[in-house]
Every structure is written in C-alpha cells, then in structure tokens.
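**Q** I am attaching a structure below and will ask some questions about it afterwards.
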Amino acid sequence: MARSCSCNDFTRSQLLRRGVAVAGKGLPRIEPGMPPPAGTGLDRRTFLLLSAGAALSVYGASMLSPRQFEEGIAQASAAAGPNQPVLVSIFMEGGWDALSVLAPVKEDRYKELRPVLGLTEGSGRVFTEDETLMWHPSATGLAELHEQGKVTVFPAIGYEPQDESHFTSRHYWEVGQLDTNARSGWMGRYLDIAGEPDNPLQGLSLDYSLAPALATETMPVAAVSSPADYTMWANGLGEPISGPALETFGALGALSAPSPAYAQARNASYDTGLVLDEMAAFVKAEEESGDHSSVTYPTGEFAERLAALAAMLHTGMPIKCVSMNAVGSYDTHSGEVGTLSTNLEQTVTALVAFQQDLEARKLDQRVLIQLWSEFGRRPRENGSGTDHGAGGVSFLIGTRAAGKMVGEFPGLTTLDENENTLRTSDFRAMYCSLLEQWFQTEAGLVIPEAASFERPVLVS
Amino acid sequence: MTKAIATNKKRTGEESHSHAGRKERHKRVKKERQHDKHGEHSKRETRRRKHRKPVHHPAVTHPRGSAVVPLPVAPPSPPAPSPAPVPALGSPPLTLDQANRLLWRAGFGPTPGQAEAIAGQPLQEVVFSLTRPSGSAILTGPEPVDEEGHPLDPANAWGEDHCWWLDRMIRSDQQLVERMTFIFHDWFANSNEEVNSQQLMLDQNNLFRAMAFGSFHDLFLAVTTNPAMLLFLNGTSNNRWDPNENYAREMMELFSLGADRGAYTEDDVREMARTLTGWRNDWSEELGNHNFRFDPEYHDPGLKTVFGQTGNWNYEDAVRLCVSHPLHPSFFVTKLWGYFIPSQPSEATLASLQALYTSSGYSIRAVVEAILQHPDFYEGAELVTPPVVYNAGLLRSISRPIDTTSWAWLSANAGQQLFYPPNVSGWDFSRWLDTSTAKARWEMASSVTSKTYPNPWPAEGQPVYSATEDPATALSSALAYWANPLLSAESEQCIAAFAQSCLKEPLADWEQSPYRAMRQNALRMLIATAPDMQVS
C-alpha cells in the first residue's frame, strides 16, 4: 500500500481505511452463517446485523464512524480466522543432536562413535517405524504422539551440499533456499502472497524480535513477546491524550521513507500501532469470555507463549504463520548430556500440553507444528559434546500430520566426506509439501526451483 | 487525586510486567519524584531550523519494502589491494547534519549543544579528535548509582555490568573508544549466558577498550587466549585427544575470513582445531574457572595443514595464518565499514582500504579514520541506531546520569543487553526494529523521562503545568527537552498536527493544566520514538 500521507488531520481509522481501499484483495468475505467474531468485542447480534446488510458498507466505510469502521476491520480479520490453517514453526537453535533425539542404539557403529554420549538400549521408547532407533528418554511425550499417528518424522533431513556453519545453514532454512543473499523468509514470502495489508498478526513471532523466516517484502508481520502484555504506556500520559498520541505514533510510520533503514523504522511504528489494536481486542475477548484452558502447561516462557497462542487462536485471531524458539540452545560442543536432556524435556512437555490444549479447544484440525534445527551434529563425539554435523532430524506434529516417516534413517556405516550423517530428505521438499498440502498455495511462488523437489505426503 | 493514583498504579504494573517475562531480575520499582522542567526553548531552536538541510530526507516515497536492511558483505572475489588513496571528503567545515551523524555513528549521540559546537569545524580535525584521543578517558558528571544511590557492582549484580558500560558511553570524552569497544563486543560476541562470570566479561571488555585502535592481529591474538572466549567457544575443552572445533570454525567464519567465500574448507576447520589445542583451565567452587594457561602436554604436536600450509602450528600460528590469508583484508575492512556505513563499499574503495590496512600493519585506527572521512559516510543512506546507542543518546541529550539499573532489562527488551549477545555472530544489525522492539523503545524512552516529566496531577506543593501553553510552544518545548534533535519535516509536521488537535476544546477549567501536561509528555514521547530518531 502507499505509505505516504499528509498528516494534518490524521487518524488511525483513516489510515486503515486507505489501506483497505488500496488493497482490495485483503477484503475478507462476510457471509451469513459465519461463526461469531471472537476477539473483536462484538456480540453475535451486532455481527449478524453487520454481516446481513452492512458488511459491504463496513468496507466502504463512508457512512460509518471511525470506531465502527475499526471494529469492522477487526471483525473481518477475525471472521477470516477460524478456518485458516496455521503453521507453528519452532526452531531448536544451535543444531540439535539428531543421534540423541532418535538414537540408533542397535547399531554397533553408534556405540563406537559415541562411547560417552551414546544412549543405552531400553532407556527410551522404541521408534515404531524403525526399531533400530530409540527416542531420547526426554522425548517420550513426542514418542507417544507419534504412536497416536500425530507426528511425521524426518530422521535425516538436510540439503546438498550441507553447510556446517550455524549461520549459513540456519539462513538457508529460514529463507527456504540455498542463497546467502536472500532476505525474505520462506513463510514471509508465503504471507506476501496470502497475507492482508492491515493484519500484522498473520505472521507472528512469539519472541522479543521478529524471526527471519517471517521477514516479508510487502506485508506487515509482528513480533509479540508476551501477548497478555502488549500495551504502551508513558509517564504522565493518560486519557484523553494517550489515544490520539498512540494514533500519531502509528501515523508517523506511514510517512515517506528515503532509505531501507528509514523504512524499517517507519514500518515498525505503523505495524506496532496495528498490533496494539489487535492485542487489545484479544485481551478484552479473553477477559469477557472468561474461559481458560483446561490443560495445565508446564512453567516457563516457552510454555506460556504456547498457552497464549492457543488462547489467541481460540478467540479467532487472524494468525497464519507463527515462529518461536524452543527452550535453550542445542549447540552442545561440550556438556551435551545435561543440556540436551533439560532443553528437550522442557520443550517436549510444553508441546504436548499445547497439542492437548488444541484438541480440547477443537483447534487441532487447523494447526500443524514444525520442529526444525539448522543441522544435526557430528556422529563422532569430541569428549563431552559433539561438533557441527549435517543430516538432522525434524518433526511435524498435529492431528492432521500424515504420521508417516519421510526418508529413512541412513545408518552410520556410510558417512559423507566430512564424516557426517547422510541426508535422506530435503527441507525444501518439506516446505513445498506444506505450502501445497497445508496452505493450498503453489509452492513455486515461494520456493525457488520448487519443481525439482519431491512432495512427501505430510497432511492427512 | 484519584487520577494521580491511577497513573502511578498503572506504571508500577506495567514495569513489573515487562520485567516478568525475562530472567529473574532485581527490579526495584521506586517512586520517582516528578519535576516540572520546562526546557528553555531557545535560540538553539532557531539555529536548528536554519541548519536543516534536506540532504538525508529526499522527498521520495519508499514502498513498504523488506523488513531487513541489507548490510555490506565482503565479496568472494575482492579487488586486488590498491595503493590509491581512499576517497575522502577532505576537510570542509562540517554541516550540522554531518555533525549529528558523526556523533551518532562514531559515538553515542550528541550532548546538548555538542553537534552545534562541532558544526563548522574542519571535518578531518573533528575525526582525528575522535580517533586520536590522548591519555585516559575523562568521565564527566555524577558517578553511576542504582535506584537507592548505591554504587554499581558490575562484577556481581545482574544488569549492573550493562549499566556500568552504559555509563561510560554516556560520560566518556573518548566516545569512539567506547564505540569501538561496542563494535568488538559484537565482532567477538561472547555471552555471559555461557561464560557465567561477569568479571571475565568485564576483563574482556577492558581488553577491547585498551586495544580498540591498535593492530587487529594483536587484538585477535589476545582474544584467542582471552578467558571469556576460551570458555565461550570451548578453547579449554580443545585438546590433542578430543579436538573441539568450536573456536576453529568461528575464528575463520566470523572473526577473520567470512563464510561462503571459499576462504577455507571443512578440513581447514578440523586442522585448525588441532592447531589451537593446548589451552586448559582449572575450576573450583571458590574461584570458578581460573588459571587459564597453555599446556604443551595438551597440545597436538603433530603437523597440521591449514590453508595449504603445513607445519607444527600452534595458536599463535592460527591467528597469523588467518590474518595473512589473502581474503582477510577484504573481510576486515568490509565488516568494519558495515558498522559505520550501510552500503557496500565500491570496488575502488575496497581496494584502497585493503592496502591501507595491510600497509599500516593491520591498524584498526587507520581504517576507521578512512571510513569516517569517506563521502559514503556522510552522503549515504541512514543506519538504524542500535538499542544501546539509542538509550545512551537519549540519556545524553537530557544529561541524565545512570541512577537506575532498569536500563539493562529495558534494553534487553529492545533487543540488546550488553554482555548477552544472542549468539557468537553477535546482534543482527539488519533487523533491529519490529513490533516488539519498537514497543520496547517506547518503554525505554518513557523511562528516560521518568525524573523530569511534568506531572499532570501534581501533589500539594509540586509545580503545576501551564494552563495556557499553545501548541507551537508545546512542540518547541518538547523538542528543546531532547536538545533539539533533527526530525524530518514530514514527521515534525505530523507531530505538530497532533499538538494542534489533541486537546478537544472547550476544556473545563480543571482540565486546562493537566491536559497540557499530558500533551507535553505525549510530544516528548512522539519525538523520542519517531522513526527519525531510530536512524542516523
């Protein structure tokens, strides 16, 4: 959308109005029979009234007050929500040790390469799709979900040639291609196609900063560290001045930007203004509905964010792609045993609670969780840890995950030229399948050379 | 009265919330007294306008654009070094815009009147005053203290390491020394998350400071054997029996050569790890990690082949081999350039900078001086100001010393806590601002005003804000509060429109003063958080 404006008589509503008018494709459909607009603070009756006759005029907006118009936007976003598929991408930062997460305990070569770190047979659940593999004891929750058919496993995922740098490899996964110069993330490019120009929450980092995989070229996206706490307050500032002040804060983001740095600063202001409204609507809806999760989550920031995410989806927030960092770091060059178990345990426990919560709230049909890491670690341990490796492990979790392993575990008898685990699946094939089977979007619009990758069946 | 209480409550709640999400913090919410401090709105205002040049703000409407600001990277095939001089502006008198940019990028923003004071002086002279400081730094103003007025304890208390350094950024007269220290903290990014000793982090910090303008070879060697680094990248877990590749890889990829340039192979990583073996340290309950030393017994005595050269190399050779690698000078000068200038250096500039770097004996000072005199520094696009620099700059502009330790978590929320970079590649300077960090900068700016904002609901005996201030005066006063920063005309117009329209006339008598105080506070916030203030 055009982002220059004369600021003289500026209000947020005008901004929104212009944004929606310019971006006609962002207009959601409101049809009779749609579910009530959770998250907007509107009751069903108002909603039906609007949807019965006034829906179009909401977007024409000329006959409505600014406030009504804003409600219309919020409501429209919410109405677009309930049937949208959601992808929650969770990054295991640092390169998690695939050979400990799914350990080839029956292989002699494993015992030889991992005299100290090797897991012993029987200490964890057997992996039912390949009984030479065993789940790490801290991943038992994941094993159970797998046995219920809710986990698709990629036991040796990567790309060729595999890069052993954290930053290069992570970047490839984030941008969905082997290009060090690419800037937009793979989910960001999907949102550039499928997103709306007034809805930053469609691409949501539940974190203190925006995940690179969500970086877009044209559509707004958001980072929110704590959804219950997204308010802006200042010393000696209150109503009736604070409202117009925050509107001006957002409005400053719509002015011209003569450089990329300026554009980043302007966009951040503008989007922050939009997110303020959306999060206020969420908190209000939460308070009004009074319903809380029936599931008990473990403690910690990661679990809290997952719990908040379930609640946000429950209230109909218009979220499409979510990015989060799992608990801790997995760059275990030393002291691997303790670090890996602790991080894995906390991450898996929270994820299991999240899946249960989604099921209890009947949201599980529309959410898939993807777990990824930049690489696996070197098969031969270095004492108390492992160095950077290649083939890693990845998971898709969800009621609609196909639940069938993609690519086999290649074993440790044959390693690559750098003594690393071979790869039997490519992360870009995973992305292509997700785009097509989950988001119903042509993969070639997002992933370069999409035609060259297989399409494993990931969604049932 | 009721409203006053409500305001305070809200504030306390808000601060403890923001804080709660992060690690356990020793957060002390303290009632801060409110002072009514009208900035004299002054001659500076007039001067500011007179000096304004639209050079950084051409009237181009930028499309929304990527969320990522591209940064310079060293090319895989750099031009050959050239003895031609690096392009320079010479020594024209600095304009006010140039002065501001220099103070923000080579320091931590101007103190009141500082930009005006150096404007008009010869450019080269001003640059040399930054790059060639004499003697030890002078810290002017009150010593840093916590909320209760106690001296900081940077080696032990959480967040006081951050505030100790922030204080130097605010008060040191050797601004570029602190900025270079800040750059090397990102370049050799170690986090206390893993090092787990604030003292070792401070020791490393002092090393950066002491060697900020010396030879990069010497700095690199010192960093290679620095205890914090030895812990962070497993240097003391790397021995002849179980080589650990952590430092070997990053010293090439991040510190000296760069990834994806064909500068080294995976075999070089493995051989470099063997080269670096031999460092050890002891650990005890009482002393923690200590007694860092090279032990020949732990060193792999065999031949190693690195970059095609074979020898019985050790850690000193490791550093020498990296620095003398043909792709090192282009990496070094481009990386350093990127901290000051967001655009890629031209081929000619890159060629000259490389030659300058090697012929000067890997002199950091020589390259910084060239960068700070380069036309691209003054004529190119803006950089996003890092959160810590933004924080320091706001405090400098209102002359507020360190009197709270809140800056540590406020800055963490904005994306940058000193001594805690996110990983060994440092902070991502291409993505400072998003909806989380922009909100955090707002909170930071509000906290900066906490001791000097006019209270709309003053208690008995406290100053009462003007009940008649007009919008234009209100705006001038708010600009003067921040020592008259340069905003784009568009932004200023937008803020002026708010000043004009935010009071809904007619106001009741009891609303006249409180609402004007609020307007003043809103204006200060809007100026400090305006997109223009996030870039330089």
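Going by the structure tokens order, chains are called A, B, ..., each with residues numbered from 1, while ligands are numbered from 1 in the order shown.
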At a cut-off of 9 Å, using only C-alpha atoms, what residues contact stretch 322-325 of chain B? Leave out same-chain residues fewer than 6 positions from it and give the result as number ranges by chain.

**A** B: 216-217, 220, 251-252, 256-257, 263, 307, 362

**Q** Write the residues you've just listed into a file as a PDB file, in the first residue's frame, and include C-alpha atoms for each of them.

**A**
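Printed below is part.pdb as written:
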```
ATOM      1  CA  PHE B 216      43.899  -6.177  14.636  1.00  0.00           C
ATOM      2  CA  HIS B 217      46.409  -9.023  14.642  1.00  0.00           C
ATOM      3  CA  PHE B 220      42.766 -11.145  17.582  1.00  0.00           C
ATOM      4  CA  MET B 251      37.642 -17.625  14.158  1.00  0.00           C
ATOM      5  CA  MET B 252      37.599 -18.087  10.390  1.00  0.00           C
ATOM      6  CA  SER B 256      38.609 -13.043  10.130  1.00  0.00           C
ATOM      7  CA  LEU B 257      37.611 -14.564   6.785  1.00  0.00           C
ATOM      8  CA  ALA B 263      38.427 -18.975   2.136  1.00  0.00           C
ATOM      9  CA  PHE B 307      45.142 -23.182   4.032  1.00  0.00           C
ATOM     10  CA  TYR B 362      46.679  -4.164  10.360  1.00  0.00           C
TER      11      TYR B 362
END
```

**Q** If we count only C-alpha atoms and set the cut-off at 10 Å, which residues sit around A:Met187, ignoring sequence neighbours fewer than 5 positions away in its own chain? Please answer as JSON, numbers by chain.

**A** {"A": [87, 89, 174, 175, 176, 192, 193, 203, 212, 213, 214, 215, 216, 320, 321, 322, 323, 431, 435, 446, 447]}

**Q** With distances taken over only C-alpha atoms, which of B:Leu233, B:Leu303, B:Ala228, B:Leu394 is nearest to chain A?

**A**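 Once distances to chain A are computed over only C-alpha atoms, the minimum belongs to B:Leu233.
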
**Q** Would you mind listing what lies within 12 Å of B:Ser447 as number ranges by chain, with only C-alpha atoms counted and same-chain residues fewer than 4 positions away left out?

**A** A: 233-236; B: 11-12, 14-15, 29-30, 32, 391, 394-395, 400, 402-411, 440-443, 451-453, 521, 524-525, 528

**Q** If DSSP is run on the backbone, what residues of stretch 252-484 of chain B are strand (DSSP E or B)? A reply as a list in words would be ideal.

**A**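 Listing strand (DSSP E or B) positions across stretch 252-484 of chain B yields Trp279, Arg280, Asn281, Asp282, Trp283, Ser284, Gly288, Asn289, His290, Asn291, Phe292, Arg293, Phe294, Lys304, Thr305, Val306, Gln309, Thr310, Gly311, Ser363 and Val384 of chain B.
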
**Q** Write the residues of the preceding selection, restricted to N, CA and C atoms, as a tab-separated table (two decimals), in the first residue's frame.

**A**
```tsv
chain	number	residue	atom	x	y	z
B	279	TRP	N	45.08	-25.37	25.38
B	279	TRP	CA	44.67	-24.46	26.46
B	279	TRP	C	43.84	-25.20	27.50
B	280	ARG	N	44.09	-24.87	28.74
B	280	ARG	CA	43.38	-25.51	29.86
B	280	ARG	C	43.02	-24.46	30.89
B	281	ASN	N	42.14	-24.85	31.77
B	281	ASN	CA	41.93	-24.02	32.96
B	281	ASN	C	41.47	-24.92	34.10
B	282	ASP	N	41.55	-24.38	35.29
B	282	ASP	CA	41.09	-25.12	36.46
B	282	ASP	C	39.74	-24.57	36.89
B	283	TRP	N	39.07	-25.35	37.69
B	283	TRP	CA	37.80	-24.91	38.23
B	283	TRP	C	37.73	-25.27	39.70
B	284	SER	N	37.25	-24.35	40.50
B	284	SER	CA	36.99	-24.69	41.90
B	284	SER	C	35.73	-23.97	42.36
B	288	GLY	N	35.72	-20.56	40.76
B	288	GLY	CA	35.12	-20.78	39.45
B	288	GLY	C	36.20	-21.18	38.46
B	289	ASN	N	36.05	-20.77	37.21
B	289	ASN	CA	37.06	-21.06	36.21
B	289	ASN	C	38.24	-20.12	36.41
B	290	HIS	N	39.42	-20.68	36.51
B	290	HIS	CA	40.60	-19.84	36.71
B	290	HIS	C	41.84	-20.56	36.20
B	291	ASN	N	42.96	-19.87	36.30
B	291	ASN	CA	44.25	-20.43	35.89
B	291	ASN	C	44.23	-20.90	34.43
B	292	PHE	N	43.88	-19.99	33.56
B	292	PHE	CA	43.87	-20.29	32.12
B	292	PHE	C	45.32	-20.30	31.63
B	293	ARG	N	45.69	-21.36	30.95
B	293	ARG	CA	47.11	-21.46	30.55
B	293	ARG	C	47.27	-22.38	29.35
B	294	PHE	N	48.39	-22.19	28.67
B	294	PHE	CA	48.75	-23.10	27.59
B	294	PHE	C	49.59	-24.23	28.18
B	304	LYS	N	50.19	-29.99	11.03
B	304	LYS	CA	48.83	-29.65	10.60
B	304	LYS	C	48.93	-28.89	9.29
B	305	THR	N	47.94	-29.09	8.46
B	305	THR	CA	47.90	-28.36	7.20
B	305	THR	C	46.69	-27.44	7.19
B	306	VAL	N	46.96	-26.14	7.20
B	306	VAL	CA	45.90	-25.14	7.21
B	306	VAL	C	46.10	-24.22	6.01
B	309	GLN	N	49.13	-24.77	4.00
B	309	GLN	CA	50.46	-24.63	4.59
B	309	GLN	C	50.62	-25.63	5.74
B	310	THR	N	51.74	-26.32	5.73
B	310	THR	CA	51.94	-27.38	6.72
B	310	THR	C	53.04	-27.00	7.70
B	311	GLY	N	52.81	-27.30	8.97
B	311	GLY	CA	53.82	-27.03	9.98
B	311	GLY	C	53.32	-27.51	11.33
B	363	SER	N	46.37	-1.89	11.08
B	363	SER	CA	45.96	-0.84	12.01
B	363	SER	C	44.44	-0.59	11.96
B	384	VAL	N	20.14	2.08	11.03
B	384	VAL	CA	19.28	2.00	12.22
B	384	VAL	C	20.18	2.04	13.45
```

**Q** Counting only C-alpha atoms, what is within 9 Å of B:Asp434, bar same-chain residues fewer than 4 positions away, as a VMD selection string?

**A** (chain A and resid 209 to 210 221 to 223 264 to 265 267 to 269 271 to 272) or (chain B and resid 67 438 to 439)

**Q** Env of B:Arg365: 7 Å cut, atoms = only C-alpha atoms, seq-sep filter 2 positions within chain, self excluded. Answer as a list in words.

**A**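 Answer for this query is Thr131, Phe213, Gly214, Ser363, Val367, Val368 and Glu369 of chain B.
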
**Q** Dump N, CA and C atoms for the selected residues as a compact mmCIF listing (two decimals), in the first residue's frame?

**A**
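The result, stored in out-v9.txt:
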```txt
# COMPACT_ATOMS: atom_id res chain seq x y z
N THR B 131 39.49 9.79 16.74
CA THR B 131 40.32 8.60 16.53
C THR B 131 41.67 8.68 17.24
N PHE B 213 42.19 0.75 19.05
CA PHE B 213 42.77 1.42 17.88
C PHE B 213 44.10 0.82 17.45
N GLY B 214 44.46 -0.32 18.03
CA GLY B 214 45.78 -0.90 17.73
C GLY B 214 45.76 -1.80 16.50
N SER B 363 46.37 -1.89 11.08
CA SER B 363 45.96 -0.84 12.01
C SER B 363 44.44 -0.59 11.96
N VAL B 367 42.10 2.37 9.41
CA VAL B 367 40.90 2.05 8.63
C VAL B 367 39.70 2.86 9.13
N VAL B 368 39.57 2.98 10.44
CA VAL B 368 38.45 3.77 10.98
C VAL B 368 38.54 5.22 10.52
N GLU B 369 39.74 5.77 10.56
CA GLU B 369 39.90 7.17 10.11
C GLU B 369 39.47 7.34 8.66
```

**Q** Just the helix (DSSP H, G or I) stuff from stretch 233-377 of chain B, please, per backbone DSSP, written as number ranges by chain.

**A** B: 235-237, 246-256, 266-275, 296-298, 315-323, 328-340, 347-359, 364-373, 375-377

**Q** Quick one: residues within 12 Å of B:Asn226, only C-alpha atoms, excluding same-chain residues fewer than 3 positions away - as number ranges by chain?

**A** B: 188, 190, 195, 200-208, 219-223, 229-236, 247, 279-281, 290-294

**Q** Between A:Leu117, A:Arg361, A:Ser452, A:Ser225, which residue has the minimum interatomic distance to A:His292, considering only C-alpha atoms?

**A**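 The answer is A:Arg361, which sits nearest to A:His292.
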